[in-house]
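Chemist: Sharing structure18.pdb here; it has PDB, C-alpha atoms.
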ATOM      1  CA  MET A  29       8.831   5.185  -6.249  1.00  0.00           C
ATOM      2  CA  SER A  30      11.669   5.213  -3.793  1.00  0.00           C
ATOM      3  CA  ASP A  31      12.455   1.846  -2.231  1.00  0.00           C
ATOM      4  CA  ASP A  32      13.020   3.389   1.179  1.00  0.00           C
ATOM      5  CA  VAL A  33       9.451   4.701   1.653  1.00  0.00           C
ATOM      6  CA  ILE A  34       6.172   2.787   1.799  1.00  0.00           C
ATOM      7  CA  CYS A  35       2.651   4.184   1.483  1.00  0.00           C
ATOM      8  CA  VAL A  36       0.947   3.701   4.866  1.00  0.00           C
ATOM      9  CA  GLY A  37      -2.208   5.769   4.339  1.00  0.00           C
ATOM     10  CA  VAL A  38      -4.060   8.476   2.480  1.00  0.00           C
ATOM     11  CA  ILE A  39      -5.903  11.645   3.457  1.00  0.00           C
ATOM     12  CA  SER A  40      -9.480  11.221   2.267  1.00  0.00           C
ATOM     13  CA  GLY A  41     -10.682  14.764   2.954  1.00  0.00           C
ATOM     14  CA  ALA A  42     -11.547  17.332   5.594  1.00  0.00           C
ATOM     15  CA  TYR A  43     -13.493  16.527   8.754  1.00  0.00           C
ATOM     16  CA  GLY A  44     -15.362  19.386  10.363  1.00  0.00           C
ATOM     17  CA  VAL A  45     -14.341  23.043  10.172  1.00  0.00           C
ATOM     18  CA  HIS A  46     -11.234  23.145  12.389  1.00  0.00           C
ATOM     19  CA  GLY A  47      -8.701  21.553  10.028  1.00  0.00           C
ATOM     20  CA  GLU A  48      -9.064  17.906  11.030  1.00  0.00           C
ATOM     21  CA  VAL A  49      -8.779  15.325   8.249  1.00  0.00           C
ATOM     22  CA  ARG A  50     -10.324  11.970   7.441  1.00  0.00           C
ATOM     23  CA  LEU A  51      -7.527   9.423   7.223  1.00  0.00           C
ATOM     24  CA  LYS A  52      -7.403   5.906   5.777  1.00  0.00           C
ATOM     25  CA  SER A  53      -4.662   3.686   7.215  1.00  0.00           C
ATOM     26  CA  PHE A  54      -3.111   0.857   5.182  1.00  0.00           C
ATOM     27  CA  CYS A  55      -1.277  -0.548   8.229  1.00  0.00           C
ATOM     28  CA  ALA A  56      -2.010  -4.089   9.456  1.00  0.00           C
ATOM     29  CA  LEU A  57      -2.958  -2.508  12.782  1.00  0.00           C
ATOM     30  CA  PRO A  58      -4.615   0.689  11.485  1.00  0.00           C
ATOM     31  CA  GLU A  59      -3.837   2.768  14.583  1.00  0.00           C
ATOM     32  CA  ASP A  60      -0.089   2.103  14.090  1.00  0.00           C
ATOM     33  CA  ILE A  61      -0.014   4.830  11.407  1.00  0.00           C
ATOM     34  CA  GLU A  62       0.288   7.397  14.207  1.00  0.00           C
ATOM     35  CA  THR A  63       3.539   5.821  15.465  1.00  0.00           C
ATOM     36  CA  TYR A  64       5.253   6.445  12.100  1.00  0.00           C
ATOM     37  CA  SER A  65       4.649  10.212  12.283  1.00  0.00           C
ATOM     38  CA  PRO A  66       5.921  12.454  10.844  1.00  0.00           C
ATOM     39  CA  LEU A  67       4.784  11.077   7.504  1.00  0.00           C
ATOM     40  CA  THR A  68       5.781  12.537   4.148  1.00  0.00           C
ATOM     41  CA  THR A  69       4.604  12.820   0.583  1.00  0.00           C
ATOM     42  CA  GLU A  70       6.206  10.296  -1.791  1.00  0.00           C
ATOM     43  CA  ASP A  71       8.827  12.814  -2.952  1.00  0.00           C
ATOM     44  CA  GLY A  72       9.581  13.775   0.664  1.00  0.00           C
ATOM     45  CA  LYS A  73       8.929  17.478  -0.012  1.00  0.00           C
ATOM     46  CA  ARG A  74       6.106  17.769   2.537  1.00  0.00           C
ATOM     47  CA  SER A  75       6.039  16.366   6.043  1.00  0.00           C
ATOM     48  CA  PHE A  76       2.997  15.857   8.277  1.00  0.00           C
ATOM     49  CA  SER A  77       2.979  15.455  12.067  1.00  0.00           C
ATOM     50  CA  LEU A  78      -0.079  13.341  12.664  1.00  0.00           C
ATOM     51  CA  ALA A  79      -2.229  12.628  15.747  1.00  0.00           C
ATOM     52  CA  LEU A  80      -5.292  10.371  15.680  1.00  0.00           C
ATOM     53  CA  ILE A  81      -8.319  11.882  17.412  1.00  0.00           C
ATOM     54  CA  ARG A  82     -10.858   9.066  17.121  1.00  0.00           C
ATOM     55  CA  PRO A  83     -11.835   6.157  14.885  1.00  0.00           C
ATOM     56  CA  MET A  84     -14.593   6.591  12.294  1.00  0.00           C
ATOM     57  CA  LYS A  85     -16.074   4.387   9.573  1.00  0.00           C
ATOM     58  CA  ASN A  86     -13.268   3.346   7.179  1.00  0.00           C
ATOM     59  CA  GLY A  87     -10.564   5.254   9.019  1.00  0.00           C
ATOM     60  CA  PHE A  88      -9.793   7.907  11.575  1.00  0.00           C
ATOM     61  CA  VAL A  89     -10.331  11.558  12.329  1.00  0.00           C
ATOM     62  CA  ALA A  90      -6.839  12.995  12.645  1.00  0.00           C
ATOM     63  CA  ARG A  91      -5.151  16.290  13.397  1.00  0.00           C
ATOM     64  CA  ILE A  92      -2.133  17.367  11.364  1.00  0.00           C
ATOM     65  CA  ALA A  93      -0.059  19.999  13.147  1.00  0.00           C
ATOM     66  CA  GLU A  94       0.612  21.878   9.889  1.00  0.00           C
ATOM     67  CA  VAL A  95      -3.126  22.169   9.014  1.00  0.00           C
ATOM     68  CA  ALA A  96      -5.302  24.772  10.733  1.00  0.00           C
ATOM     69  CA  THR A  97      -8.356  25.300   8.462  1.00  0.00           C
ATOM     70  CA  LYS A  98     -10.965  23.261   6.613  1.00  0.00           C
ATOM     71  CA  GLU A  99      -9.642  24.726   3.346  1.00  0.00           C
ATOM     72  CA  GLU A 100      -6.103  23.499   4.079  1.00  0.00           C
ATOM     73  CA  ALA A 101      -7.509  20.056   4.963  1.00  0.00           C
ATOM     74  CA  ASP A 102      -9.602  19.983   1.753  1.00  0.00           C
ATOM     75  CA  ALA A 103      -6.485  20.779  -0.291  1.00  0.00           C
ATOM     76  CA  LEU A 104      -4.817  17.606   1.030  1.00  0.00           C
ATOM     77  CA  LYS A 105      -7.585  15.240  -0.147  1.00  0.00           C
ATOM     78  CA  GLY A 106      -6.001  12.294  -1.957  1.00  0.00           C
ATOM     79  CA  THR A 107      -2.520  12.936  -0.520  1.00  0.00           C
ATOM     80  CA  GLN A 108      -0.743   9.626   0.037  1.00  0.00           C
ATOM     81  CA  LEU A 109       1.277   9.399   3.237  1.00  0.00           C
ATOM     82  CA  PHE A 110       4.605   7.587   3.341  1.00  0.00           C
ATOM     83  CA  ALA A 111       6.775   6.219   6.138  1.00  0.00           C
ATOM     84  CA  ARG A 112      10.427   5.257   5.901  1.00  0.00           C
ATOM     85  CA  ARG A 113      10.880   1.512   5.471  1.00  0.00           C
ATOM     86  CA  ASP A 114      13.202   1.412   8.515  1.00  0.00           C
ATOM     87  CA  GLN A 115      10.335   2.707  10.709  1.00  0.00           C
ATOM     88  CA  LEU A 116       8.087  -0.217   9.766  1.00  0.00           C
ATOM     89  CA  PRO A 117       8.079  -3.661  11.362  1.00  0.00           C
ATOM     90  CA  HIS A 118      10.062  -6.457   9.736  1.00  0.00           C
ATOM     91  CA  LEU A 119       7.684  -8.971   8.191  1.00  0.00           C
ATOM     92  CA  PRO A 120       7.645 -12.753   8.581  1.00  0.00           C
ATOM     93  CA  ASP A 121       9.027 -14.682   5.591  1.00  0.00           C
ATOM     94  CA  ASP A 122       5.572 -15.328   4.130  1.00  0.00           C
ATOM     95  CA  GLU A 123       4.375 -11.692   4.248  1.00  0.00           C
ATOM     96  CA  PHE A 124       5.274  -8.867   1.863  1.00  0.00           C
ATOM     97  CA  TYR A 125       4.770  -5.147   1.433  1.00  0.00           C
ATOM     98  CA  TYR A 126       2.711  -4.565  -1.724  1.00  0.00           C
ATOM     99  CA  THR A 127       5.326  -2.171  -3.068  1.00  0.00           C
ATOM    100  CA  ASP A 128       7.925  -4.985  -3.046  1.00  0.00           C
ATOM    101  CA  LEU A 129       5.769  -7.196  -5.294  1.00  0.00           C
ATOM    102  CA  VAL A 130       5.063  -4.618  -8.019  1.00  0.00           C
ATOM    103  CA  GLY A 131       7.393  -5.088 -10.974  1.00  0.00           C
ATOM    104  CA  LEU A 132       8.409  -8.674 -10.164  1.00  0.00           C
ATOM    105  CA  GLU A 133       8.429 -11.061 -13.129  1.00  0.00           C
ATOM    106  CA  VAL A 134       5.977 -13.955 -12.869  1.00  0.00           C
ATOM    107  CA  PHE A 135       6.918 -17.400 -14.200  1.00  0.00           C
ATOM    108  CA  ASP A 136       4.872 -20.576 -14.367  1.00  0.00           C
ATOM    109  CA  THR A 137       6.179 -23.793 -12.797  1.00  0.00           C
ATOM    110  CA  GLY A 138       7.810 -24.686 -16.136  1.00  0.00           C
ATOM    111  CA  GLY A 139       9.839 -21.464 -16.252  1.00  0.00           C
ATOM    112  CA  THR A 140       7.754 -19.656 -18.904  1.00  0.00           C
ATOM    113  CA  SER A 141       7.276 -15.935 -18.272  1.00  0.00           C
ATOM    114  CA  LEU A 142       3.653 -15.021 -17.605  1.00  0.00           C
ATOM    115  CA  GLY A 143       4.344 -11.279 -17.262  1.00  0.00           C
ATOM    116  CA  HIS A 144       5.066  -8.699 -14.559  1.00  0.00           C
ATOM    117  CA  VAL A 145       3.115  -7.715 -11.457  1.00  0.00           C
ATOM    118  CA  LYS A 146       1.431  -4.400 -12.296  1.00  0.00           C
ATOM    119  CA  SER A 147      -0.362  -3.963  -8.955  1.00  0.00           C
ATOM    120  CA  VAL A 148      -1.628  -5.768  -5.866  1.00  0.00           C
ATOM    121  CA  GLN A 149      -5.347  -5.491  -5.232  1.00  0.00           C
ATOM    122  CA  ASN A 150      -7.666  -6.536  -2.463  1.00  0.00           C
ATOM    123  CA  HIS A 151     -11.413  -6.392  -2.905  1.00  0.00           C
ATOM    124  CA  GLY A 152     -12.223  -7.941   0.461  1.00  0.00           C
ATOM    125  CA  ALA A 153     -11.630 -11.680   0.127  1.00  0.00           C
ATOM    126  CA  SER A 154      -7.888 -12.024  -0.478  1.00  0.00           C
ATOM    127  CA  ASP A 155      -5.027 -10.335  -2.277  1.00  0.00           C
ATOM    128  CA  LEU A 156      -4.828 -10.516  -6.059  1.00  0.00           C
ATOM    129  CA  LEU A 157      -1.752  -9.900  -8.194  1.00  0.00           C
ATOM    130  CA  GLU A 158      -2.589  -7.950 -11.333  1.00  0.00           C
ATOM    131  CA  VAL A 159      -0.261  -9.489 -13.915  1.00  0.00           C
ATOM    132  CA  HIS A 160       0.466  -7.680 -17.187  1.00  0.00           C
ATOM    133  CA  MET A 161       1.162 -10.351 -19.800  1.00  0.00           C
ATOM    134  CA  PRO A 162       3.930  -9.756 -22.381  1.00  0.00           C
ATOM    135  CA  GLY A 163       2.610  -8.333 -25.657  1.00  0.00           C
ATOM    136  CA  ALA A 164      -0.939  -7.967 -24.310  1.00  0.00           C
ATOM    137  CA  THR A 165      -2.943  -4.941 -23.254  1.00  0.00           C
ATOM    138  CA  ALA A 166      -5.139  -6.912 -20.852  1.00  0.00           C
ATOM    139  CA  THR A 167      -4.116  -7.984 -17.374  1.00  0.00           C
ATOM    140  CA  VAL A 168      -4.924 -11.133 -15.410  1.00  0.00           C
ATOM    141  CA  LEU A 169      -5.826 -11.222 -11.700  1.00  0.00           C
ATOM    142  CA  LEU A 170      -3.876 -14.041 -10.067  1.00  0.00           C
ATOM    143  CA  PRO A 171      -4.993 -15.108  -6.560  1.00  0.00           C
ATOM    144  CA  PHE A 172      -2.123 -14.394  -4.156  1.00  0.00           C
ATOM    145  CA  THR A 173      -2.402 -17.664  -2.238  1.00  0.00           C
ATOM    146  CA  LYS A 174       0.186 -20.317  -1.334  1.00  0.00           C
ATOM    147  CA  ALA A 175      -1.476 -22.681  -3.858  1.00  0.00           C
ATOM    148  CA  ALA A 176      -1.412 -20.239  -6.796  1.00  0.00           C
ATOM    149  CA  VAL A 177       1.865 -18.494  -5.853  1.00  0.00           C
ATOM    150  CA  PRO A 178       4.118 -21.001  -4.099  1.00  0.00           C
ATOM    151  CA  THR A 179       7.342 -18.964  -4.439  1.00  0.00           C
ATOM    152  CA  VAL A 180       8.179 -15.274  -4.050  1.00  0.00           C
ATOM    153  CA  ASP A 181      11.901 -14.549  -4.412  1.00  0.00           C
ATOM    154  CA  LEU A 182      12.394 -10.838  -3.761  1.00  0.00           C
ATOM    155  CA  ALA A 183      16.175 -11.075  -4.077  1.00  0.00           C
ATOM    156  CA  ALA A 184      15.910 -12.562  -7.588  1.00  0.00           C
ATOM    157  CA  GLY A 185      12.940 -10.316  -8.512  1.00  0.00           C
ATOM    158  CA  ARG A 186      10.720 -13.231  -9.480  1.00  0.00           C
ATOM    159  CA  ILE A 187       7.567 -15.073  -8.557  1.00  0.00           C
ATOM    160  CA  VAL A 188       6.769 -18.686  -9.442  1.00  0.00           C
ATOM    161  CA  ALA A 189       3.052 -19.194 -10.008  1.00  0.00           C
ATOM    162  CA  ASP A 190       0.886 -22.276 -10.406  1.00  0.00           C
ATOM    163  CA  PRO A 191      -2.239 -20.493 -11.664  1.00  0.00           C
ATOM    164  CA  PRO A 192      -5.669 -22.111 -11.779  1.00  0.00           C
ATOM    165  CA  GLU A 193      -6.294 -23.935 -15.075  1.00  0.00           C
ATOM    166  CA  GLY A 194      -7.260 -21.614 -17.933  1.00  0.00           C
ATOM    167  CA  LEU A 195      -6.295 -18.360 -16.181  1.00  0.00           C
ATOM    168  CA  PHE A 196      -3.425 -17.535 -18.566  1.00  0.00           C
TER     169      PHE A 196
END
Could you take the file, read its structure, and then write that structure out as structure tokens?

Modeler:
Amino acid sequence: MSDDVICVGVISGAYGVHGEVRLKSFCALPEDIETYSPLTTEDGKRSFSLALIRPMKNGFVARIAEVATKEEADALKGTQLFARRDQLPHLPDDEFYYTDLVGLEVFDTGGTSLGHVKSVQNHGASDLLEVHMPGATATVLLPFTKAAVPTVDLAAGRIVADPPEGLF
């Protein structure tokens, strides 16, 4: 994935028969996705000029200028939408874009490597770092809290974790 684009949403399917789409926004303020338009595919080969029509459960109904029919909208189902990093707001020191955390090496407070961040997940309560341990096929879900992850050093590409007892 290119470091200069960040996934801000996904097209979840067609809405109605006139080419509108159902859109899920991953932005902190969901309606902000419209301000980053035009959005692109990850490889930058396709661009989408986006306008929100109205909110709906789990997202928005949106119009994409380049889409005129239900069939064209259906064909875009699952398409991830990316914005350039320089379009997005700068984050406070204690907030991170998920994409920046993936791949970081995780160490315990004694300096022992626990693995690498495979993904960041959120199932409703709080963020979890999916950590792939060295030499293992299984992963561990580490709570992404100040207590369990006191240090994130993006410049050094490392995280210091103080995981709950027995997690690793």

Chemist: Determine, counting all atoms listed in the file, every residue of protein, DNA or RNA that lies within 6 Å of (-1.0, -21.2, -6.3) in the file coordinates, then give the result as a count of residues only.

Modeler: 9

Chemist: Using all atoms listed in the file, find the one residue out of A:Asp114, A:Asp136, A:Asp121, A:Glu158 that sits nearest to Pro192 in chain A.

Modeler: A:Asp136

Chemist: Given all atoms listed in the file as the basis, pick out the residue of A:Gly106, A:Val45, A:Val159, A:Ala111 nearest to Ser75 in chain A.

Modeler: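 Counting all atoms listed in the file, the residue closest to Ser75 in chain A is A:Ala111.
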
Chemist: Considering all atoms listed in the file, can you say which of A:Leu156, A:Ala184, A:Val36, A:Cys55 comes closest to Phe172 in chain A?

Modeler: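 That would be A:Leu156, the residue with the smallest distance to Phe172 in chain A.
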
Chemist: Taking (13.8, -13.6, -13.1) in the coordinates of the supplied file, I want to know which residues reach to within 9 Å of it, counting all atoms listed in the file; could you give the answer as a PDB file with C-alpha atoms, in the frame of the given file?

Modeler:
ATOM      1  CA  LEU A 132       8.409  -8.674 -10.164  1.00  0.00           C
ATOM      2  CA  GLU A 133       8.429 -11.061 -13.129  1.00  0.00           C
ATOM      3  CA  VAL A 134       5.977 -13.955 -12.869  1.00  0.00           C
ATOM      4  CA  PHE A 135       6.918 -17.400 -14.200  1.00  0.00           C
ATOM      5  CA  SER A 141       7.276 -15.935 -18.272  1.00  0.00           C
ATOM      6  CA  ASP A 181      11.901 -14.549  -4.412  1.00  0.00           C
ATOM      7  CA  ALA A 184      15.910 -12.562  -7.588  1.00  0.00           C
ATOM      8  CA  GLY A 185      12.940 -10.316  -8.512  1.00  0.00           C
ATOM      9  CA  ARG A 186      10.720 -13.231  -9.480  1.00  0.00           C
ATOM     10  CA  ILE A 187       7.567 -15.073  -8.557  1.00  0.00           C
TER      11      ILE A 187
END

Chemist: Check what the PyMOL selection byres ((chain A and resi 99) around 12) selects in the file above and give those residues as a list in words.

Modeler: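 Output from the PyMOL selection byres ((chain A and resi 99) around 12), applied to this file: Gly41, Ala42, Tyr43, Gly44, Val45, His46, Gly47, Glu48, Val49, Val95, Ala96, Thr97, Lys98, Glu100, Ala101, Asp102, Ala103, Leu104 and Lys105 of chain A.
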
Chemist: What's around Thr167 in chain A at 10 Å? Count only C-alpha atoms, leave out sequence neighbours fewer than 4 positions away in its own chain, and write the answer as a list of chain:residue names.

Modeler: A:Gly143, A:His144, A:Val145, A:Lys146, A:Leu157, A:Glu158, A:Val159, A:His160, A:Met161, A:Pro162, A:Phe196

Chemist: CA of Asn86 in chain A and CA of Asp71 in chain A, how far apart in Å?

Modeler: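 That distance, rounded to one decimal, is 26.1 Å.
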
Chemist: Rounded to one decimal, what separation in Å do you get between CA of Thr127 in chain A and CA of Val33 in chain A?

Modeler: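 Going from CA of Thr127 in chain A over to CA of Val33 in chain A, I get 9.3 Å.
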